[in-house]
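**Student:** Handing you this structure, nothing more for now.
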Amino acid sequence: MKALRIFSRNIRDSFKSVFRNFSLSIASISCITITLVVVALSIILSLNVNNFTKSIEGNVTIVAFINNDKDEKAIENIKQEIIKLDNVSEKNIEFKDKVEISKEMINDSEIIKGVMEDISTENTPVQNTFQVKVDKIVDIGKTAKAIGKIDGITNVKYGEEMIDQLVSVFTTVRKFCIYLLIALVIVTAFLIANTIKITIFSRKREIEIMRLVGASNTNIKIPFIMEGLFLGIIGSILPILLTIIGYQKIYQHFHGKMFTSFIKLVSPVPFVYYVSLVLLGIGMIVGMFGSWRAVKKYLKI
Amino acid sequence: MDLIRLRNINKTYKNGVTAIYDLDLTIKKGEFVFIIGETGCGKSTLIKMLYREEKPSSGKIIVGGINVAKLRNGNVYKLRRKIGVVFQNFQLLPKLTAYENVAFALEVFGLPKDEIHKKVVKVLELVGLKNKAKHYPDQLSGGEQQRVAIARAIVNGPKLLICDEPTGNLDPKKSMEIMEVLEAINKLGTTILMVTHDIDIVKQMGKRVILLDSGQIVKDYEEGTYK
């Protein structure tokens, strides 16, 4: 009962305090809002980059050319050997018959059509292939090499140079986005902590008096931490609204694509709600952390 | 029975200044004791150590059965609940009324509202401010603000009331009014330890007087012997 009374008093007081120290609360809230808007932008950007790279990665295929003298049984054996590799799963292997490929090639180009018309299906220089998608794009080179060593595979192609470059660019971009996000969250936390510190500095006397009358450190800390929590929640409202409304508007404006149909934006629902939850979480945590850090300073003797 | 016991207390600040030097002191329950001495003699350091705002460099301090010197930071509140402290500059919260300032000391313990009300009204009556409960500090005179501060310090029913020059900002008439309030509180059983520069008050009150000089007790006058 007593704990409940203290708890409800803490909530009431911290809420009151936000309004009683209105100008300083506004400073803290603005700081939280501005930094969370930047955080929201970087989350949206990095997740879209991630989505884009993933979709490209999903389309990268290793083409393994099979020696034409291999019969069906030998081809099945080759398939099993490919499946055994770490980076490959069964659903990602597709067999393409040389006849089928020939037809595709004829349909694609008039020149090839002219050349191929004179060659019978039996004598076609086109080879049967396995089209293999890998689980981890980073290891595509190793997987391609391993496939190339399998008996019956004459050649392996996956657009080595371009893919290797793309992989290294995507890895760098993704890492950069993650580091940027972490750095932003840390900077936000300290920025907010310092703003709240100024708010709490003006209430140094209040803390001193609380200590004097025998309030325990926990008793003193909780209202301030709750206040930080309120500031964090209030400060995250605007960034959340901007995320939900703004992103949906952008998505609609660009019809879900950025510049070309190649770069697809992440669908807004439930994406914006997840981002909003993350923003609310960051706002609450850094608000509480900032207050805790600031008030802690005045509790030492 | 002893309420305060100090043995071989030394206090040297980080900058090398020694404020208290090998000090022994015993104060019994219910006593009213003045601590006097020139500025810089260690009076404030001495009382700050009693409510654990400062730690002694060495020695033993027992207040109300608590070993203050060994008290951990997180447990300081246990000591503070047994002690009331009054300052020269009142230390009131300007945005709270007299009533709220006093109630503040009880709210942090999570007492029920009606119990807080009873205690606050009773203590405001004791210091003669019942009719000014709704006034904010800036609507009260210096003497009245000090009474609010005293009310806040005693509302928990502390065993010890420490007063650090409570009349320092008041004229002689208001000072005597504060002393009357303190005397009344003392008569109810609270031990009072008061640091002051006001020798007239000390003489008029006729209580035990401890004279400090260079961090040491140079004279301990028994009740009624300080002239």
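Ordered as shown in the structure tokens, chains take letters A, B, and onward, while each chain numbers its residues from 1 and ligands are numbered from 1 in the order shown.
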As number ranges by chain, list the residues of range 7-73 of chain B assigned to strand (DSSP E or B) by DSSP on the backbone atoms of this structure.
**Tutor:** B: 7-12, 18-28, 32-37, 58-63, 66-67
**Student:** Please return, as a ChimeraX atom specification, all residues of chain B lying within 9 Å of chain A when only C-alpha atoms are considered.
**Tutor:** /B:51-55,73-85,91-93,95,104-112,152-153,156
**Student:** For Phe32 in chain B, find every residue with an atom within 9 Å (counting only C-alpha atoms), except residues of its own chain fewer than 5 positions away, and show them as a JSON list (two decimals) with N, CA, C and O atoms, in the first residue's frame.
**Tutor:**
```
[["chain", "number", "residue", "atom", "x", "y", "z"],
["B", 27, "ILE", "N", 26.83, 14.41, 23.65],
["B", 27, "ILE", "CA", 25.62, 15.19, 23.91],
["B", 27, "ILE", "C", 24.51, 14.23, 24.30],
["B", 27, "ILE", "O", 24.28, 13.21, 23.62],
["B", 183, "GLU", "N", 13.01, 26.52, 21.84],
["B", 183, "GLU", "CA", 12.91, 26.14, 23.26],
["B", 183, "GLU", "C", 11.70, 25.23, 23.48],
["B", 183, "GLU", "O", 11.77, 24.22, 24.17],
["B", 186, "ASN", "N", 12.40, 21.86, 22.16],
["B", 186, "ASN", "CA", 13.33, 21.17, 23.07],
["B", 186, "ASN", "C", 12.57, 20.61, 24.28],
["B", 186, "ASN", "O", 12.84, 19.50, 24.74],
["B", 190, "THR", "N", 13.02, 16.99, 22.06],
["B", 190, "THR", "CA", 13.98, 16.95, 20.94],
["B", 190, "THR", "C", 15.30, 17.59, 21.37],
["B", 190, "THR", "O", 15.31, 18.68, 21.93],
["B", 191, "THR", "N", 16.38, 16.89, 21.10],
["B", 191, "THR", "CA", 17.71, 17.44, 21.39],
["B", 191, "THR", "C", 18.02, 18.50, 20.33],
["B", 191, "THR", "O", 17.76, 18.29, 19.15],
["B", 192, "ILE", "N", 18.56, 19.64, 20.77],
["B", 192, "ILE", "CA", 18.85, 20.70, 19.80],
["B", 192, "ILE", "C", 20.33, 21.08, 19.85],
["B", 192, "ILE", "O", 20.91, 21.29, 20.92],
["B", 193, "LEU", "N", 20.91, 21.13, 18.68],
["B", 193, "LEU", "CA", 22.30, 21.52, 18.54],
["B", 193, "LEU", "C", 22.31, 22.72, 17.61],
["B", 193, "LEU", "O", 21.89, 22.62, 16.46],
["B", 194, "MET", "N", 22.76, 23.86, 18.15],
["B", 194, "MET", "CA", 22.64, 25.07, 17.34],
["B", 194, "MET", "C", 23.98, 25.80, 17.22],
["B", 194, "MET", "O", 24.63, 26.11, 18.20],
["B", 207, "LYS", "N", 22.08, 28.05, 28.08],
["B", 207, "LYS", "CA", 22.21, 26.60, 27.84],
["B", 207, "LYS", "C", 23.68, 26.18, 27.83],
["B", 207, "LYS", "O", 24.58, 27.02, 27.99],
["B", 208, "ARG", "N", 23.92, 24.90, 27.58],
["B", 208, "ARG", "CA", 25.30, 24.41, 27.45],
["B", 208, "ARG", "C", 25.94, 25.03, 26.20],
["B", 208, "ARG", "O", 25.29, 25.14, 25.15],
["B", 209, "VAL", "N", 27.19, 25.45, 26.34],
["B", 209, "VAL", "CA", 27.86, 26.13, 25.22],
["B", 209, "VAL", "C", 29.21, 25.47, 24.95],
["B", 209, "VAL", "O", 30.00, 25.26, 25.88],
["B", 223, "GLU", "N", 25.38, 24.13, 31.44],
["B", 223, "GLU", "CA", 24.19, 24.96, 31.39],
["B", 223, "GLU", "C", 24.26, 26.10, 32.40],
["B", 223, "GLU", "O", 24.56, 25.88, 33.58]]
```
**Student:** Tell me, in Å to one decimal, how far CA of Leu181 in chain A is from CA of Ser42 in chain A.
**Tutor:**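 Going from CA of Leu181 in chain A over to CA of Ser42 in chain A covers 6.6 Å.
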**Student:** With only C-alpha atoms as the atoms that count, which of B:Leu160, B:Leu126, B:Ile9, B:Ala133 lies nearest to Ile178 in chain B?
**Tutor:** B:Leu126
**Student:** Using the chain letters and numbers from this document, which residues of range 113-288 of chain A does DSSP assign to alpha helix (DSSP H), as JSON, numbers by chain?
**Tutor:** {"A": [113, 114, 115, 116, 140, 141, 142, 143, 144, 145, 146, 147, 148, 149, 160, 161, 162, 163, 164, 165, 166, 167, 168, 169, 170, 171, 172, 173, 174, 175, 176, 177, 178, 179, 180, 181, 182, 183, 184, 185, 186, 187, 188, 189, 190, 191, 192, 193, 194, 195, 196, 197, 198, 199, 200, 201, 204, 205, 206, 207, 208, 209, 210, 211, 212, 217, 218, 219, 220, 221, 222, 223, 224, 225, 226, 227, 228, 229, 230, 231, 232, 233, 234, 235, 236, 237, 238, 239, 240, 241, 247, 248, 249, 250, 251, 252, 253, 268, 269, 270, 271, 272, 273, 274, 275, 276, 277, 278, 279, 280, 281, 282, 283, 284, 285, 286, 287, 288]}
